[in-house]
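Visitor: I am sharing model21.cif, which consists of mmCIF, C-alpha atoms, pLDDT in the B column; chains and numbers go by the auth columns:
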data_query
loop_
_atom_site.group_PDB
_atom_site.id
_atom_site.type_symbol
_atom_site.label_atom_id
_atom_site.label_comp_id
_atom_site.label_asym_id
_atom_site.label_seq_id
_atom_site.Cartn_x
_atom_site.Cartn_y
_atom_site.Cartn_z
_atom_site.B_iso_or_equiv
_atom_site.auth_seq_id
_atom_site.auth_asym_id
ATOM 1 C CA MET A 1 0.000 0.000 0.000 75.00 1 F
ATOM 2 C CA ALA A 2 1.362 3.444 -0.937 90.00 2 F
ATOM 3 C CA ALA A 3 2.082 6.016 1.808 91.00 3 F
ATOM 4 C CA TRP A 4 -0.591 8.316 0.343 94.00 4 F
ATOM 5 C CA ASP A 5 -3.215 5.565 0.634 94.00 5 F
ATOM 6 C CA ILE A 6 -2.173 4.946 4.236 94.00 6 F
ATOM 7 C CA ALA A 7 -2.591 8.667 5.022 92.00 7 F
ATOM 8 C CA LEU A 8 -6.039 8.704 3.403 94.00 8 F
ATOM 9 C CA GLU A 9 -7.086 5.622 5.334 95.00 9 F
ATOM 10 C CA ALA A 10 -5.840 7.043 8.642 94.00 10 F
ATOM 11 C CA ALA A 11 -7.710 10.332 8.150 94.00 11 F
ATOM 12 C CA GLU A 12 -10.920 8.434 7.447 94.00 12 F
ATOM 13 C CA LYS A 13 -10.457 5.979 10.309 95.00 13 F
ATOM 14 C CA HIS A 14 -9.875 8.635 12.987 95.00 14 F
ATOM 15 C CA TYR A 15 -12.494 11.184 11.910 94.00 15 F
ATOM 16 C CA LYS A 16 -15.177 11.456 14.596 95.00 16 F
ATOM 17 C CA PRO A 17 -17.844 14.051 13.607 94.00 17 F
ATOM 18 C CA GLY A 18 -18.301 16.660 16.316 95.00 18 F
ATOM 19 C CA GLU A 19 -15.487 15.138 18.363 95.00 19 F
ATOM 20 C CA PHE A 20 -12.224 14.901 16.372 94.00 20 F
ATOM 21 C CA THR A 21 -11.652 16.399 12.925 93.00 21 F
ATOM 22 C CA THR A 22 -9.000 15.001 10.628 94.00 22 F
ATOM 23 C CA PHE A 23 -7.651 16.385 7.365 93.00 23 F
ATOM 24 C CA VAL A 24 -5.816 14.702 4.561 95.00 24 F
ATOM 25 C CA ALA A 25 -2.540 16.583 4.389 93.00 25 F
ATOM 26 C CA TYR A 26 1.078 16.285 3.360 93.00 26 F
ATOM 27 C CA GLU A 27 4.228 18.369 3.183 92.00 27 F
ATOM 28 C CA TRP A 28 5.728 19.648 -0.057 93.00 28 F
ATOM 29 C CA THR A 29 9.407 20.452 0.401 90.00 29 F
ATOM 30 C CA LEU A 30 11.505 22.190 -2.207 85.00 30 F
ATOM 31 C CA GLY A 31 15.265 22.151 -1.738 78.00 31 F
ATOM 32 C CA VAL A 32 17.574 20.828 0.921 66.00 32 F
ATOM 33 C CA GLY A 33 20.011 22.134 3.483 63.00 33 F
ATOM 34 C CA ARG A 34 19.878 25.860 4.092 64.00 34 F
ATOM 35 C CA LYS A 35 17.464 26.662 1.243 73.00 35 F
ATOM 36 C CA HIS A 36 14.126 24.956 1.472 78.00 36 F
ATOM 37 C CA GLY A 37 10.558 25.987 0.929 85.00 37 F
ATOM 38 C CA HIS A 38 8.143 23.976 3.061 89.00 38 F
ATOM 39 C CA ARG A 39 4.412 24.016 2.367 93.00 39 F
ATOM 40 C CA ASN A 40 1.836 21.925 4.183 93.00 40 F
ATOM 41 C CA MET A 41 -1.055 20.987 1.897 95.00 41 F
ATOM 42 C CA PHE A 42 -4.470 20.559 3.536 96.00 42 F
ATOM 43 C CA PHE A 43 -7.536 19.071 1.846 96.00 43 F
ATOM 44 C CA LYS A 44 -10.947 19.941 3.274 94.00 44 F
ATOM 45 C CA ASP A 45 -12.626 16.612 2.555 90.00 45 F
ATOM 46 C CA LYS A 46 -12.146 13.278 0.810 88.00 46 F
ATOM 47 C CA VAL A 47 -11.940 14.808 -2.662 95.00 47 F
ATOM 48 C CA VAL A 48 -8.205 14.369 -3.134 95.00 48 F
ATOM 49 C CA PRO A 49 -5.884 13.545 -6.035 94.00 49 F
ATOM 50 C CA ASP A 50 -4.827 9.968 -6.714 93.00 50 F
ATOM 51 C CA TYR A 51 -1.328 10.987 -5.695 92.00 51 F
ATOM 52 C CA PRO A 52 -0.002 14.220 -4.127 92.00 52 F
ATOM 53 C CA ILE A 53 2.225 16.564 -6.073 92.00 53 F
ATOM 54 C CA SER A 54 5.818 16.558 -4.860 92.00 54 F
ATOM 55 C CA ALA A 55 8.857 18.732 -5.536 90.00 55 F
ATOM 56 C CA ILE A 56 9.849 16.221 -8.195 92.00 56 F
ATOM 57 C CA GLU A 57 6.789 17.123 -10.280 93.00 57 F
ATOM 58 C CA ALA A 58 6.431 20.734 -9.087 93.00 58 F
ATOM 59 C CA THR A 59 9.940 22.158 -8.961 91.00 59 F
ATOM 60 C CA ASP A 60 8.890 25.615 -7.782 91.00 60 F
ATOM 61 C CA GLU A 61 5.983 27.157 -5.918 91.00 61 F
ATOM 62 C CA GLU A 62 4.301 28.380 -9.106 93.00 62 F
ATOM 63 C CA GLN A 63 4.163 24.823 -10.453 95.00 63 F
ATOM 64 C CA LEU A 64 2.792 23.749 -7.066 95.00 64 F
ATOM 65 C CA TRP A 65 0.040 26.376 -7.253 94.00 65 F
ATOM 66 C CA ALA A 66 -0.816 25.302 -10.807 95.00 66 F
ATOM 67 C CA SER A 67 -1.161 21.746 -9.498 95.00 67 F
ATOM 68 C CA LEU A 68 -3.453 22.929 -6.698 96.00 68 F
ATOM 69 C CA ASP A 69 -5.576 24.684 -9.334 95.00 69 F
ATOM 70 C CA GLU A 70 -5.826 21.356 -11.194 95.00 70 F
ATOM 71 C CA PHE A 71 -6.875 19.610 -7.969 95.00 71 F
ATOM 72 C CA ARG A 72 -9.592 22.265 -7.517 96.00 72 F
ATOM 73 C CA ASP A 73 -10.727 21.721 -11.107 95.00 73 F
ATOM 74 C CA GLY A 74 -11.203 18.090 -10.069 94.00 74 F
ATOM 75 C CA GLY A 75 -13.414 19.137 -7.138 96.00 75 F
ATOM 76 C CA ALA A 76 -10.873 19.358 -4.306 96.00 76 F
ATOM 77 C CA THR A 77 -10.761 22.116 -1.723 97.00 77 F
ATOM 78 C CA VAL A 78 -7.086 22.553 -0.909 97.00 78 F
ATOM 79 C CA MET A 79 -4.712 25.146 0.517 97.00 79 F
ATOM 80 C CA ALA A 80 -0.985 25.492 1.088 96.00 80 F
ATOM 81 C CA VAL A 81 0.514 26.789 4.338 96.00 81 F
ATOM 82 C CA PRO A 82 4.131 28.020 4.256 93.00 82 F
ATOM 83 C CA HIS A 83 5.969 26.899 7.344 89.00 83 F
ATOM 84 C CA ASN A 84 9.413 27.028 8.899 86.00 84 F
ATOM 85 C CA SER A 85 10.198 30.137 6.826 88.00 85 F
ATOM 86 C CA ASN A 86 12.857 31.284 9.303 86.00 86 F
ATOM 87 C CA LEU A 87 15.102 28.544 7.893 84.00 87 F
ATOM 88 C CA SER A 88 14.126 28.880 4.225 87.00 88 F
ATOM 89 C CA GLY A 89 17.151 30.715 2.860 85.00 89 F
ATOM 90 C CA GLY A 90 14.828 33.280 1.269 84.00 90 F
ATOM 91 C CA VAL A 91 12.793 30.808 -0.811 86.00 91 F
ATOM 92 C CA ALA A 92 9.608 30.850 1.304 89.00 92 F
ATOM 93 C CA PHE A 93 8.746 34.402 0.229 92.00 93 F
ATOM 94 C CA PRO A 94 10.863 35.134 -2.854 91.00 94 F
ATOM 95 C CA GLU A 95 11.100 38.655 -4.218 92.00 95 F
ATOM 96 C CA GLN A 96 10.919 37.486 -7.835 94.00 96 F
ATOM 97 C CA ARG A 97 9.073 34.855 -9.846 95.00 97 F
ATOM 98 C CA ALA A 98 10.478 31.359 -10.300 91.00 98 F
ATOM 99 C CA ASP A 99 11.881 32.270 -13.725 94.00 99 F
ATOM 100 C CA GLY A 100 13.662 35.331 -12.287 95.00 100 F
ATOM 101 C CA SER A 101 11.182 37.862 -13.662 97.00 101 F
ATOM 102 C CA PRO A 102 9.637 40.507 -11.386 96.00 102 F
ATOM 103 C CA ILE A 103 6.629 39.756 -9.204 96.00 103 F
ATOM 104 C CA ASP A 104 3.522 40.556 -11.230 96.00 104 F
ATOM 105 C CA GLU A 105 -0.257 40.519 -10.921 96.00 105 F
ATOM 106 C CA GLN A 106 -0.536 36.819 -11.812 94.00 106 F
ATOM 107 C CA SER A 107 1.933 35.770 -9.115 94.00 107 F
ATOM 108 C CA VAL A 108 0.332 37.864 -6.344 96.00 108 F
ATOM 109 C CA ASN A 109 -3.129 36.542 -7.255 96.00 109 F
ATOM 110 C CA TRP A 110 -1.847 32.986 -7.386 94.00 110 F
ATOM 111 C CA ARG A 111 -0.262 33.208 -3.935 95.00 111 F
ATOM 112 C CA ASN A 112 -3.343 34.965 -2.541 96.00 112 F
ATOM 113 C CA ASN A 113 -5.600 32.151 -3.826 95.00 113 F
ATOM 114 C CA ASN A 114 -3.420 29.327 -2.529 96.00 114 F
ATOM 115 C CA GLU A 115 -1.893 30.466 0.762 96.00 115 F
ATOM 116 C CA PRO A 116 -4.393 31.969 3.231 96.00 116 F
ATOM 117 C CA LEU A 117 -2.355 31.028 6.321 96.00 117 F
ATOM 118 C CA VAL A 118 1.280 31.122 7.404 95.00 118 F
ATOM 119 C CA GLU A 119 2.996 29.390 10.268 93.00 119 F
ATOM 120 C CA ILE A 120 4.473 32.069 12.501 91.00 120 F
ATOM 121 C CA HIS A 121 5.980 29.893 15.247 85.00 121 F
ATOM 122 C CA GLN A 122 6.920 26.268 15.779 82.00 122 F
ATOM 123 C CA ALA A 123 9.399 23.939 17.490 76.00 123 F
ATOM 124 C CA LYS A 124 12.129 25.269 15.196 74.00 124 F
ATOM 125 C CA GLU A 125 11.567 28.725 16.634 82.00 125 F
ATOM 126 C CA ASN A 126 10.085 32.036 15.576 84.00 126 F
ATOM 127 C CA SER A 127 9.344 32.946 11.950 87.00 127 F
ATOM 128 C CA GLU A 128 7.772 36.329 12.748 88.00 128 F
ATOM 129 C CA VAL A 129 10.805 38.519 13.408 89.00 129 F
ATOM 130 C CA TYR A 130 14.532 38.391 13.976 87.00 130 F
ATOM 131 C CA ALA A 131 16.086 40.642 16.601 86.00 131 F
ATOM 132 C CA SER A 132 18.806 42.144 14.410 87.00 132 F
ATOM 133 C CA PHE A 133 16.212 43.358 11.877 89.00 133 F
ATOM 134 C CA TRP A 134 13.846 44.898 14.440 86.00 134 F
ATOM 135 C CA GLU A 135 16.156 46.224 17.159 85.00 135 F
ATOM 136 C CA ASN A 136 13.513 48.567 18.626 88.00 136 F
ATOM 137 C CA ASP A 137 11.090 45.695 19.251 86.00 137 F
ATOM 138 C CA GLU A 138 11.743 44.386 22.757 85.00 138 F
ATOM 139 C CA PHE A 139 10.095 41.049 21.882 83.00 139 F
ATOM 140 C CA ALA A 140 11.916 40.463 18.569 83.00 140 F
ATOM 141 C CA ASP A 141 14.523 38.273 20.241 82.00 141 F
ATOM 142 C CA PHE A 142 11.981 35.674 21.378 81.00 142 F
ATOM 143 C CA GLU A 143 13.175 32.213 20.366 79.00 143 F
ATOM 144 C CA ASN A 144 15.271 33.333 17.402 78.00 144 F
ATOM 145 C CA TYR A 145 17.063 30.569 15.552 73.00 145 F
ATOM 146 C CA ASN A 146 18.636 30.645 12.159 66.00 146 F
ATOM 147 C CA GLN A 147 21.027 28.525 10.131 71.00 147 F
ATOM 148 C CA GLY A 148 23.733 30.838 8.899 75.00 148 F
ATOM 149 C CA PRO A 149 23.231 34.580 8.539 81.00 149 F
ATOM 150 C CA PRO A 150 19.559 35.585 8.904 84.00 150 F
ATOM 151 C CA MET A 151 17.754 36.858 5.814 88.00 151 F
ATOM 152 C CA ILE A 152 15.040 39.483 6.254 90.00 152 F
ATOM 153 C CA ASN A 153 12.735 37.877 3.677 89.00 153 F
ATOM 154 C CA ASN A 154 12.619 34.678 5.765 89.00 154 F
ATOM 155 C CA PHE A 155 10.422 36.458 8.290 91.00 155 F
ATOM 156 C CA VAL A 156 6.683 36.993 8.283 93.00 156 F
ATOM 157 C CA ARG A 157 6.764 40.593 9.561 93.00 157 F
ATOM 158 C CA HIS A 158 8.848 41.738 6.584 94.00 158 F
ATOM 159 C CA THR A 159 6.606 39.720 4.256 95.00 159 F
ATOM 160 C CA LEU A 160 3.434 41.323 5.630 96.00 160 F
ATOM 161 C CA LYS A 161 4.880 44.752 4.862 95.00 161 F
ATOM 162 C CA ARG A 162 5.746 43.637 1.315 96.00 162 F
ATOM 163 C CA GLY A 163 2.146 42.475 0.924 97.00 163 F
ATOM 164 C CA LEU A 164 0.968 46.050 1.490 97.00 164 F
ATOM 165 C CA LYS A 165 3.327 47.202 -1.263 97.00 165 F
ATOM 166 C CA TYR A 166 1.881 44.619 -3.667 97.00 166 F
ATOM 167 C CA GLN A 167 -1.641 45.654 -2.640 97.00 167 F
ATOM 168 C CA ASP A 168 -0.843 49.207 -3.747 97.00 168 F
ATOM 169 C CA GLU A 169 0.840 48.036 -6.935 97.00 169 F
ATOM 170 C CA PHE A 170 -1.504 45.243 -8.104 97.00 170 F
ATOM 171 C CA GLY A 171 -4.689 45.605 -6.055 97.00 171 F
ATOM 172 C CA THR A 172 -4.135 42.272 -4.280 97.00 172 F
ATOM 173 C CA ASN A 173 -2.224 41.502 -1.105 97.00 173 F
ATOM 174 C CA PRO A 174 -0.657 38.056 -1.523 96.00 174 F
ATOM 175 C CA TYR A 175 0.399 38.057 2.127 97.00 175 F
ATOM 176 C CA LYS A 176 -2.911 38.799 3.837 95.00 176 F
ATOM 177 C CA TYR A 177 -2.354 35.855 6.132 96.00 177 F
ATOM 178 C CA GLY A 178 -3.986 34.211 9.080 95.00 178 F
ATOM 179 C CA PHE A 179 -1.434 32.829 11.545 94.00 179 F
ATOM 180 C CA ILE A 180 -0.886 29.364 12.964 91.00 180 F
ATOM 181 C CA GLY A 181 1.599 27.832 15.380 87.00 181 F
ATOM 182 C CA SER A 182 2.768 24.247 14.993 82.00 182 F
ATOM 183 C CA ARG A 183 4.968 21.619 16.587 75.00 183 F
ATOM 184 C CA ASP A 184 6.857 20.064 13.648 71.00 184 F
ATOM 185 C CA THR A 185 8.729 17.778 16.029 65.00 185 F
ATOM 186 C CA HIS A 186 8.632 14.740 13.710 65.00 186 F
ATOM 187 C CA ASN A 187 7.904 12.508 16.714 62.00 187 F
ATOM 188 C CA ALA A 188 4.894 10.784 15.080 62.00 188 F
ATOM 189 C CA THR A 189 2.543 11.710 17.936 64.00 189 F
ATOM 190 C CA PRO A 190 -0.129 14.053 16.562 60.00 190 F
ATOM 191 C CA GLY A 191 -1.607 16.247 19.261 60.00 191 F
ATOM 192 C CA ASN A 192 1.392 15.837 21.582 61.00 192 F
ATOM 193 C CA THR A 193 1.926 19.412 22.722 55.00 193 F
ATOM 194 C CA GLU A 194 4.429 18.785 25.505 54.00 194 F
#
Could I get this structure in the form of structure tokens?
Guide:
Amino acid sequence: MAAWDIALEAAEKHYKPGEFTTFVAYEWTLGVGRKHGHRNMFFKDKVVPDYPISAIEATDEEQLWASLDEFRDGGATVMAVPHNSNLSGGVAFPEQRADGSPIDEQSVNWRNNNEPLVEIHQAKENSEVYASFWENDEFADFENYNQGPPMINNFVRHTLKRGLKYQDEFGTNPYKYGFIGSRDTHNATPGNTE
């Protein structure tokens, strides 16, 4: 049995209406080492693709979003949630399109349609701010962790400000996010918050 089928079966098995809600989900990871873009994909119901799209098939976030559009065309309700951006090496919130061209109206609309949430904190520390970029914020040094020199566009606060710029320029804010916090401990114990 394929891992995807096991995940689908587990979500169905443990769903208890009104008591415990499960989602079919997986992680799309682009890159390795110090440059990686993590996105968690969440499906609202059992309308899911036969197989999830990976970074082998979707080699950049724009190809991922195009795949999510195809899933929606097939009836799925799906969203992507960027996470662990503090360690992304600048690829979580790039300042240009995948082909190197400038951000444009299509790319801001695409991101806006696919990424309504962002993870702002998790076990691998804070993705909101980094103390050296916001020295006047007395809370900016809360659980800072970075691999190598920090990059300002790894952090959600900087990205939110860029979203306002794109709103003025294109009429859409691609970074009008809701926030979540996660564990990401990889200990295979969902719900373990200790």
Visitor: Carefully work through the PyMOL selection byres ((chain F and resi 158-163) around 12) for this structure and note down the residues it includes, as a PyMOL selection string.
Guide: chain F and resi 82+85-86+90-95+103+108-109+111-112+117-118+120+127-130+133-134+151-157+164-179
Visitor: What is the distance, in Å and to one decimal place, between CA of Gln63 (chain F) and CA of Asn40 (chain F)?
Guide: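 Result for CA of Gln63 (chain F) versus CA of Asn40 (chain F): 15.1 Å, one decimal.
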Visitor: One decimal, Å: what's the distance from CA of Glu12 (chain F) over to CA of Gly75 (chain F), could you say?
Guide: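 Straight-line distance from CA of Glu12 (chain F) to CA of Gly75 (chain F) works out to 18.3 Å.
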Visitor: Could you give me, as JSON lines, every region 30-138 of chain F residue with an atom at most 12 Å from region 15-22 of chain F, plus its closest atom pair and distance in Å to one decimal, counting all atoms listed in the file, rows ordered by chain then number?
Guide:
{"residue": "F:Phe42", "atom": "CA", "partner": "F:Thr22", "partner_atom": "CA", "distance": 10.1}
{"residue": "F:Phe43", "atom": "CA", "partner": "F:Thr22", "partner_atom": "CA", "distance": 9.8}
{"residue": "F:Lys44", "atom": "CA", "partner": "F:Thr22", "partner_atom": "CA", "distance": 9.1}
{"residue": "F:Asp45", "atom": "CA", "partner": "F:Thr22", "partner_atom": "CA", "distance": 9.0}
{"residue": "F:Lys46", "atom": "CA", "partner": "F:Thr22", "partner_atom": "CA", "distance": 10.5}
Visitor: Report as a compact mmCIF listing (two decimals) with C-alpha atoms, in the frame of the given file all protein, DNA and RNA residues lying within 10 Å of region 55-58 of chain F, evaluated on only C-alpha atoms, omitting residues in the same chain fewer than 3 positions from it.
Guide:
# COMPACT_ATOMS: atom_id res chain seq x y z
CA GLU F 27 4.23 18.37 3.18
CA TRP F 28 5.73 19.65 -0.06
CA THR F 29 9.41 20.45 0.40
CA LEU F 30 11.50 22.19 -2.21
CA GLY F 31 15.26 22.15 -1.74
CA GLY F 37 10.56 25.99 0.93
CA PRO F 52 0.00 14.22 -4.13
CA GLU F 61 5.98 27.16 -5.92
CA GLU F 62 4.30 28.38 -9.11
CA GLN F 63 4.16 24.82 -10.45
CA LEU F 64 2.79 23.75 -7.07
CA TRP F 65 0.04 26.38 -7.25
CA ALA F 66 -0.82 25.30 -10.81
CA SER F 67 -1.16 21.75 -9.50
Visitor: How far is it from CA of Ile180 (chain F) to CA of His121 (chain F), in Å with one decimal?
Guide: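 One can read the CA of Ile180 (chain F) to CA of His121 (chain F) distance as 7.3 Å.
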Visitor: Translate the PyMOL selection byres ((chain F and resi 3) around 12), as applied to the file shown, into an explicit residue set as a list in words.
Guide: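 Applied to this file, the PyMOL selection byres ((chain F and resi 3) around 12) selects Met1, Ala2, Trp4, Asp5, Ile6, Ala7, Leu8, Glu9, Ala10, Ala25, Tyr26, Asp50, Tyr51 and Pro52 of chain F.
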Visitor: Could you write out the selected residues, including C-alpha atoms, as a PDB file, keeping the file's coordinate frame?
Guide:
ATOM      1  CA  MET F   1       0.000   0.000   0.000  1.00 75.00           C
ATOM      2  CA  ALA F   2       1.362   3.444  -0.937  1.00 90.00           C
ATOM      3  CA  TRP F   4      -0.591   8.316   0.343  1.00 94.00           C
ATOM      4  CA  ASP F   5      -3.215   5.565   0.634  1.00 94.00           C
ATOM      5  CA  ILE F   6      -2.173   4.946   4.236  1.00 94.00           C
ATOM      6  CA  ALA F   7      -2.591   8.667   5.022  1.00 92.00           C
ATOM      7  CA  LEU F   8      -6.039   8.704   3.403  1.00 94.00           C
ATOM      8  CA  GLU F   9      -7.086   5.622   5.334  1.00 95.00           C
ATOM      9  CA  ALA F  10      -5.840   7.043   8.642  1.00 94.00           C
ATOM     10  CA  ALA F  25      -2.540  16.583   4.389  1.00 93.00           C
ATOM     11  CA  TYR F  26       1.078  16.285   3.360  1.00 93.00           C
ATOM     12  CA  ASP F  50      -4.827   9.968  -6.714  1.00 93.00           C
ATOM     13  CA  TYR F  51      -1.328  10.987  -5.695  1.00 92.00           C
ATOM     14  CA  PRO F  52      -0.002  14.220  -4.127  1.00 92.00           C
TER      15      PRO F  52
END
Visitor: Please evaluate the PyMOL selection byres ((chain F and resi 122) around 9) against the structure above and give the resulting residues as a list in words.
Guide: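 Listing what the PyMOL selection byres ((chain F and resi 122) around 9) selects in the shown file: His83, Asn84, Glu119, Ile120, His121, Ala123, Lys124, Glu125, Asn126, Ser127, Ile180, Gly181, Ser182, Arg183, Asp184 and Thr185 of chain F.
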Visitor: Can you write just those residues out, C-alpha atoms, as a PDB file, in the coordinates of the input?
Guide:
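Result file result.pdb:
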ATOM      1  CA  HIS F  83       5.969  26.899   7.344  1.00 89.00           C
ATOM      2  CA  ASN F  84       9.413  27.028   8.899  1.00 86.00           C
ATOM      3  CA  GLU F 119       2.996  29.390  10.268  1.00 93.00           C
ATOM      4  CA  ILE F 120       4.473  32.069  12.501  1.00 91.00           C
ATOM      5  CA  HIS F 121       5.980  29.893  15.247  1.00 85.00           C
ATOM      6  CA  ALA F 123       9.399  23.939  17.490  1.00 76.00           C
ATOM      7  CA  LYS F 124      12.129  25.269  15.196  1.00 74.00           C
ATOM      8  CA  GLU F 125      11.567  28.725  16.634  1.00 82.00           C
ATOM      9  CA  ASN F 126      10.085  32.036  15.576  1.00 84.00           C
ATOM     10  CA  SER F 127       9.344  32.946  11.950  1.00 87.00           C
ATOM     11  CA  ILE F 180      -0.886  29.364  12.964  1.00 91.00           C
ATOM     12  CA  GLY F 181       1.599  27.832  15.380  1.00 87.00           C
ATOM     13  CA  SER F 182       2.768  24.247  14.993  1.00 82.00           C
ATOM     14  CA  ARG F 183       4.968  21.619  16.587  1.00 75.00           C
ATOM     15  CA  ASP F 184       6.857  20.064  13.648  1.00 71.00           C
ATOM     16  CA  THR F 185       8.729  17.778  16.029  1.00 65.00           C
TER      17      THR F 185
END
Visitor: Restricting the calculation to all atoms listed in the file, which member of F:Asp60, F:Val47, F:Ser132, F:Leu87 is positioned closest to Asp73 (chain F)?
Guide: F:Val47
Visitor: Using the file's own x, y and z axes, so that the box edges lie along x, y and z, what centre and edge lengths in Å (one decimal) does a box around every listed atom of region 157-172 of chain F get when 8 Å is added on each side? Give it as AutoDock Vina command-line options.
Guide:
--center_x 2.1 --center_y 44.5 --center_z 0.7 --size_x 29.5 --size_y 25.5 --size_z 33.7
Visitor: Please determine, counting only C-alpha atoms, which residue among F:Thr77, F:Ser54, F:His14, F:Lys35 has the shortest atom-to-atom distance to Asn113 (chain F).
Guide: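 The answer is F:Thr77, which sits nearest to Asn113 (chain F).
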Visitor: So which one's closest to Tyr145 (chain F), F:Phe23, F:Gly74, F:Pro49, F:Ser88? Using only C-alpha atoms, please.
Guide: F:Ser88
